[in-house]
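First up is the structure itself, then whatever we jot down about it.
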Amino acid sequence: MNKVFAILVFIGVPLSIIGSLLHWSSTLMFIIYCVSIIALASFMGRSTESLSIIAGPRIGGLLNATFGNAVELIIAIFALKEGLIGVVLASLTGSVLGNLLLVAGLSFFIGGIKFKRQSFNIHDARHNAGLLIFAVIVAFVIPEIFSMSMNEEKTMIFSIGISIILMALYLAALFFKLVTHRGVYNNGDEDRKERVEEVPEWSKGKSILVLALATLAVAYISENLVHTFEEVGETFGWSELFIGVIIVAIVGNAAEHASAIIMAAKNKMDIAVEIAVGSTLQVAMFVAPILVLISLFFPVSMPLVFTVPELITMVSAVFLMVVISNDGESNWFEGGTLLAAYFIIGIGFYLL
């Protein structure tokens, strides 16, 4: 799979540059940009993983938290620059739905076909359940309700306050898992053996170089990708909401999604669940708040206020994931249930 991504990068990046200079059709460029970003994201993931192993679990956890959603963050920043607030909020919604329903669903389903019953750390599942309920239901729903009685200025001030609180709690959660309670809820000797056996794919220097180059390439392509949204939407009949919720979210997280499914197939469900749920928490508690703060530097600021369909679907996804994962076990039928929910929601957003 890594060879495929390497070929796509060496073909896709030059085509992205040539196509943008020669003004090829937006639809063709949209496809080239999306494929290139997915391939580049895999290189960012591999370099971050190597650096995580070299730096150790504490700094490694922080690196994964920082770069886990880097591609999506870069795309969102350029969308904010163009004033596409709806697309950005929709892409955040899509990430939450994609991680909790599509990624977790595929992981449970594919892993469950190979293994009748799979288990993961129940303590992590319950800890993450509380954070999910706080991040999505408390921090996303409350602004929507309170903003009904506020003007734009007060809504923005409220959003800034919530964003700062979310980021502070997210950093506290990292400190809790990586420092004060590191190893307290581990599965024991098996976890320690797996960590000892880990060998980085690339050296420190190569990892940093690849990460830097991939990030620059993603930034360049993302800026051009954003400019294709309007024409592509008109061509395929996609709404701004559908592009954000489904297309941008899948492109921004494709490489990470693949990793979770591969881990599930190898019966490493702790890693698969951590990717799905951990990425959701990154989006809700770090990416979304930082985008609110970054938007203050652009002509149009982005309040942390989602549409009613976005909120209801995110809340439903959280409750479904919490109920299914709270026992620390999974099977193919539970995966199928999560996937069914994702497809129902996807059809709904397409028809809006």
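Labels used: A, B, ... for chains in the order of the structure tokens, numbers from 1 for residues in each chain, and numbers from 1 for ligands as shown.
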
Within 10 Å of region 220-224 of chain A, which residues of region 13-100 of chain A show up? Give each one with its shortest atom-to-atom distance in Å (one decimal) and the two atoms involved, counting only C-alpha atoms, rows by chain then rising residue number, as a tab-separated table.
```
residue	atom	partner	partner_atom	distance
A:Val13	CA	A:Ile221	CA	8.0
A:Ser16	CA	A:Ile221	CA	6.9
A:Ile17	CA	A:Ile221	CA	8.1
A:Ser20	CA	A:Asn224	CA	7.4
A:Ser26	CA	A:Asn224	CA	9.7
A:Met29	CA	A:Asn224	CA	8.7
A:Phe30	CA	A:Asn224	CA	8.7
A:Ile32	CA	A:Ile221	CA	9.4
A:Tyr33	CA	A:Ile221	CA	6.1
A:Cys34	CA	A:Ile221	CA	8.7
A:Ser36	CA	A:Ile221	CA	8.0
A:Ile37	CA	A:Ile221	CA	7.3
A:Val71	CA	A:Ser222	CA	8.4
A:Glu72	CA	A:Ser222	CA	9.1
A:Leu73	CA	A:Ser222	CA	9.9
A:Ile74	CA	A:Ser222	CA	6.9
A:Ile75	CA	A:Ser222	CA	5.1
A:Ala76	CA	A:Ser222	CA	8.6
A:Ile77	CA	A:Glu223	CA	8.8
A:Phe78	CA	A:Glu223	CA	5.5
A:Ala79	CA	A:Glu223	CA	7.8
A:Lys81	CA	A:Glu223	CA	9.3
A:Glu82	CA	A:Glu223	CA	9.4
```

Distance query Leu338 (chain A) at most 7 Å, only C-alpha atoms, self and fewer than 6 positions along chain excluded, as a PDB file with N, CA, C and O atoms, in the first residue's frame:
```pdb
ATOM      1  N   LEU A 101     -18.623   6.757  13.046  1.00  0.00           N
ATOM      2  CA  LEU A 101     -19.526   5.830  12.372  1.00  0.00           C
ATOM      3  C   LEU A 101     -18.845   5.050  11.245  1.00  0.00           C
ATOM      4  O   LEU A 101     -18.927   3.822  11.191  1.00  0.00           O
ATOM      5  N   LEU A 102     -18.160   5.757  10.333  1.00  0.00           N
ATOM      6  CA  LEU A 102     -17.549   5.086   9.177  1.00  0.00           C
ATOM      7  C   LEU A 102     -16.294   4.315   9.571  1.00  0.00           C
ATOM      8  O   LEU A 102     -16.164   3.123   9.287  1.00  0.00           O
ATOM      9  N   GLY A 105     -17.044   1.866  12.399  1.00  0.00           N
ATOM     10  CA  GLY A 105     -17.925   0.859  11.827  1.00  0.00           C
ATOM     11  C   GLY A 105     -17.178  -0.134  10.956  1.00  0.00           C
ATOM     12  O   GLY A 105     -17.349  -1.353  11.082  1.00  0.00           O
TER      13      GLY A 105
END
```

Exercise for the section: Name all residues at most 10 Å from Gly244 (chain A) (count only C-alpha atoms; drop same-chain ones fewer than 4 positions away) and give them as a PyMOL selection string. Expected result: chain A and resi 76+84+86-95+229+238-240+248-250+349

Using only all heavy atoms, please write the residues we just selected to a file, as a CSV table (one decimal), in the first residue's frame.
```csv
chain,number,residue,atom,x,y,z
A,76,ALA,N,-9.1,23.4,6.0
A,76,ALA,CA,-10.1,24.3,6.6
A,76,ALA,C,-9.6,25.7,6.7
A,76,ALA,O,-10.4,26.7,6.5
A,76,ALA,CB,-10.4,23.8,8.0
A,84,LEU,N,-15.6,30.5,3.3
A,84,LEU,CA,-16.5,29.3,3.2
A,84,LEU,C,-16.8,28.7,4.6
A,84,LEU,O,-16.4,27.6,4.9
A,84,LEU,CB,-15.9,28.3,2.3
A,84,LEU,CG,-15.6,28.7,0.8
A,84,LEU,CD1,-14.9,27.6,0.1
A,84,LEU,CD2,-16.9,29.0,0.1
A,86,GLY,N,-19.5,27.7,6.0
A,86,GLY,CA,-20.4,26.5,5.9
A,86,GLY,C,-19.7,25.3,5.6
A,86,GLY,O,-19.9,24.2,6.2
A,87,VAL,N,-18.7,25.4,4.7
A,87,VAL,CA,-17.9,24.2,4.3
A,87,VAL,C,-17.0,23.7,5.5
A,87,VAL,O,-16.9,22.5,5.8
A,87,VAL,CB,-17.0,24.5,3.1
A,87,VAL,CG1,-16.0,23.4,2.9
A,87,VAL,CG2,-17.9,24.7,1.9
A,88,VAL,N,-16.5,24.7,6.2
A,88,VAL,CA,-15.6,24.4,7.4
A,88,VAL,C,-16.4,23.7,8.5
A,88,VAL,O,-16.0,22.6,9.0
A,88,VAL,CB,-14.9,25.6,7.9
A,88,VAL,CG1,-14.1,25.3,9.1
A,88,VAL,CG2,-14.0,26.3,6.8
A,89,LEU,N,-17.5,24.3,8.8
A,89,LEU,CA,-18.3,23.7,9.9
A,89,LEU,C,-18.8,22.3,9.5
A,89,LEU,O,-18.9,21.3,10.3
A,89,LEU,CB,-19.5,24.6,10.2
A,89,LEU,CG,-19.2,25.9,11.0
A,89,LEU,CD1,-20.4,26.8,11.0
A,89,LEU,CD2,-18.7,25.5,12.4
A,90,ALA,N,-19.2,22.2,8.2
A,90,ALA,CA,-19.6,20.9,7.6
A,90,ALA,C,-18.5,19.8,7.7
A,90,ALA,O,-18.7,18.7,8.0
A,90,ALA,CB,-20.2,21.0,6.2
A,91,SER,N,-17.3,20.3,7.4
A,91,SER,CA,-16.2,19.3,7.4
A,91,SER,C,-15.8,18.8,8.8
A,91,SER,O,-15.5,17.7,9.0
A,91,SER,CB,-14.9,20.0,6.7
A,91,SER,OG,-14.4,21.0,7.6
A,92,LEU,N,-16.0,19.7,9.8
A,92,LEU,CA,-15.9,19.3,11.2
A,92,LEU,C,-16.9,18.3,11.6
A,92,LEU,O,-16.6,17.3,12.2
A,92,LEU,CB,-15.9,20.6,12.1
A,92,LEU,CG,-14.8,21.6,11.9
A,92,LEU,CD1,-15.1,22.8,12.8
A,92,LEU,CD2,-13.5,21.0,12.4
A,93,THR,N,-18.1,18.6,11.1
A,93,THR,CA,-19.2,17.6,11.3
A,93,THR,C,-18.9,16.3,10.7
A,93,THR,O,-19.1,15.2,11.3
A,93,THR,CB,-20.6,18.1,10.8
A,93,THR,OG1,-20.9,19.4,11.4
A,93,THR,CG2,-21.7,17.2,11.0
A,94,GLY,N,-18.4,16.3,9.4
A,94,GLY,CA,-18.1,15.1,8.7
A,94,GLY,C,-17.0,14.3,9.4
A,94,GLY,O,-17.0,13.1,9.3
A,95,SER,N,-16.0,15.0,10.0
A,95,SER,CA,-14.9,14.3,10.7
A,95,SER,C,-15.5,13.5,11.9
A,95,SER,O,-15.1,12.4,12.1
A,95,SER,CB,-13.9,15.3,11.1
A,95,SER,OG,-13.1,15.8,10.1
A,229,PHE,N,-14.4,24.0,-5.2
A,229,PHE,CA,-15.6,23.5,-4.6
A,229,PHE,C,-16.9,24.0,-5.3
A,229,PHE,O,-17.8,23.2,-5.5
A,229,PHE,CB,-15.6,24.0,-3.1
A,229,PHE,CG,-14.7,23.2,-2.2
A,229,PHE,CD1,-14.3,23.7,-0.9
A,229,PHE,CD2,-14.2,22.0,-2.6
A,229,PHE,CE1,-13.5,23.0,-0.1
A,229,PHE,CE2,-13.3,21.2,-1.8
A,229,PHE,CZ,-13.0,21.7,-0.5
A,238,TRP,N,-23.9,18.8,-5.9
A,238,TRP,CA,-23.6,18.7,-4.4
A,238,TRP,C,-23.8,20.0,-3.8
A,238,TRP,O,-23.3,21.1,-4.2
A,238,TRP,CB,-22.1,18.2,-4.2
A,238,TRP,CG,-21.9,16.9,-4.7
A,238,TRP,CD1,-22.8,15.9,-5.1
A,238,TRP,CD2,-20.6,16.3,-5.0
A,238,TRP,NE1,-22.1,14.8,-5.5
A,238,TRP,CE2,-20.8,15.0,-5.4
A,238,TRP,CE3,-19.2,16.8,-4.8
A,238,TRP,CZ2,-19.7,14.1,-5.8
A,238,TRP,CZ3,-18.2,15.9,-5.2
A,238,TRP,CH2,-18.4,14.6,-5.6
A,239,SER,N,-24.4,20.0,-2.6
A,239,SER,CA,-24.5,21.2,-1.8
A,239,SER,C,-23.2,21.5,-1.1
A,239,SER,O,-22.3,20.6,-0.9
A,239,SER,CB,-25.6,21.1,-0.8
A,239,SER,OG,-25.3,20.1,0.2
A,240,GLU,N,-23.1,22.7,-0.6
A,240,GLU,CA,-21.9,23.1,0.2
A,240,GLU,C,-21.8,22.2,1.5
A,240,GLU,O,-20.7,21.8,1.9
A,240,GLU,CB,-22.0,24.6,0.7
A,240,GLU,CG,-20.8,25.2,1.3
A,240,GLU,CD,-21.0,26.6,1.7
A,240,GLU,OE1,-21.6,26.9,2.7
A,240,GLU,OE2,-20.5,27.5,0.9
A,248,VAL,N,-14.8,16.5,1.9
A,248,VAL,CA,-13.7,17.1,2.6
A,248,VAL,C,-13.3,16.3,3.8
A,248,VAL,O,-12.1,16.0,4.0
A,248,VAL,CB,-13.9,18.6,3.0
A,248,VAL,CG1,-12.8,19.1,3.8
A,248,VAL,CG2,-14.2,19.4,1.8
A,249,ALA,N,-14.2,15.8,4.5
A,249,ALA,CA,-13.9,15.0,5.7
A,249,ALA,C,-13.2,13.7,5.4
A,249,ALA,O,-12.3,13.3,6.0
A,249,ALA,CB,-15.2,14.7,6.5
A,250,ILE,N,-13.7,13.0,4.3
A,250,ILE,CA,-13.1,11.7,3.9
A,250,ILE,C,-11.7,12.0,3.4
A,250,ILE,O,-10.7,11.2,3.7
A,250,ILE,CB,-14.0,11.0,2.9
A,250,ILE,CG1,-15.2,10.5,3.5
A,250,ILE,CG2,-13.2,9.9,2.2
A,250,ILE,CD1,-16.2,9.8,2.6
A,349,PHE,N,-27.8,14.2,4.0
A,349,PHE,CA,-27.0,15.4,3.7
A,349,PHE,C,-27.0,15.6,2.2
A,349,PHE,O,-27.0,16.7,1.7
A,349,PHE,CB,-25.6,15.3,4.3
A,349,PHE,CG,-25.5,15.7,5.7
A,349,PHE,CD1,-25.1,14.8,6.7
A,349,PHE,CD2,-25.9,17.0,6.1
A,349,PHE,CE1,-25.0,15.2,8.0
A,349,PHE,CE2,-25.8,17.4,7.4
A,349,PHE,CZ,-25.4,16.5,8.4
```

Got a sec: who's within 9 Å of Arg126 (chain A), counting only C-alpha atoms, leaving out chain neighbours fewer than 2 positions off, as a CSV table (one decimal) with N, CA and C atoms, in the first residue's frame?
```
chain,number,residue,atom,x,y,z
A,121,ASN,N,-9.4,-1.7,25.4
A,121,ASN,CA,-9.3,-1.2,26.8
A,121,ASN,C,-10.6,-0.6,27.3
A,122,ILE,N,-11.3,-1.2,28.2
A,122,ILE,CA,-12.6,-0.7,28.7
A,122,ILE,C,-12.5,0.7,29.4
A,123,HIS,N,-11.3,0.8,30.1
A,123,HIS,CA,-11.1,2.1,30.8
A,123,HIS,C,-10.9,3.3,29.9
A,124,ASP,N,-10.2,3.0,28.8
A,124,ASP,CA,-10.1,4.1,27.8
A,124,ASP,C,-11.4,4.4,27.1
A,128,ASN,N,-13.0,8.0,27.3
A,128,ASN,CA,-13.3,8.7,26.0
A,128,ASN,C,-14.8,9.0,25.9
A,129,ALA,N,-15.7,8.2,26.4
A,129,ALA,CA,-17.1,8.4,26.3
A,129,ALA,C,-17.5,9.7,27.0
A,130,GLY,N,-16.9,9.9,28.2
A,130,GLY,CA,-17.2,11.2,28.9
A,130,GLY,C,-16.7,12.4,28.2
A,131,LEU,N,-15.5,12.3,27.6
A,131,LEU,CA,-15.0,13.4,26.8
A,131,LEU,C,-15.8,13.7,25.5
A,322,VAL,N,-21.0,5.5,22.1
A,322,VAL,CA,-20.8,5.3,23.5
A,322,VAL,C,-21.5,4.0,24.0
A,325,SER,N,-19.6,0.9,22.4
A,325,SER,CA,-18.2,0.7,22.8
A,325,SER,C,-18.0,0.6,24.3
A,326,ASN,N,-19.0,0.9,25.1
A,326,ASN,CA,-18.8,1.0,26.6
A,326,ASN,C,-18.5,-0.3,27.3
A,327,ASP,N,-18.7,-1.4,26.6
A,327,ASP,CA,-18.4,-2.7,27.2
A,327,ASP,C,-17.0,-3.2,26.9
A,328,GLY,N,-16.3,-2.5,26.0
A,328,GLY,CA,-14.9,-2.8,25.7
A,328,GLY,C,-14.8,-4.0,24.7
```

Problem - Of the listed residues A:Ser107, A:Gln118, A:Thr48, A:Thr155, that which approaches Ile262 (chain A) most closely, counting only C-alpha atoms - result: A:Ser107
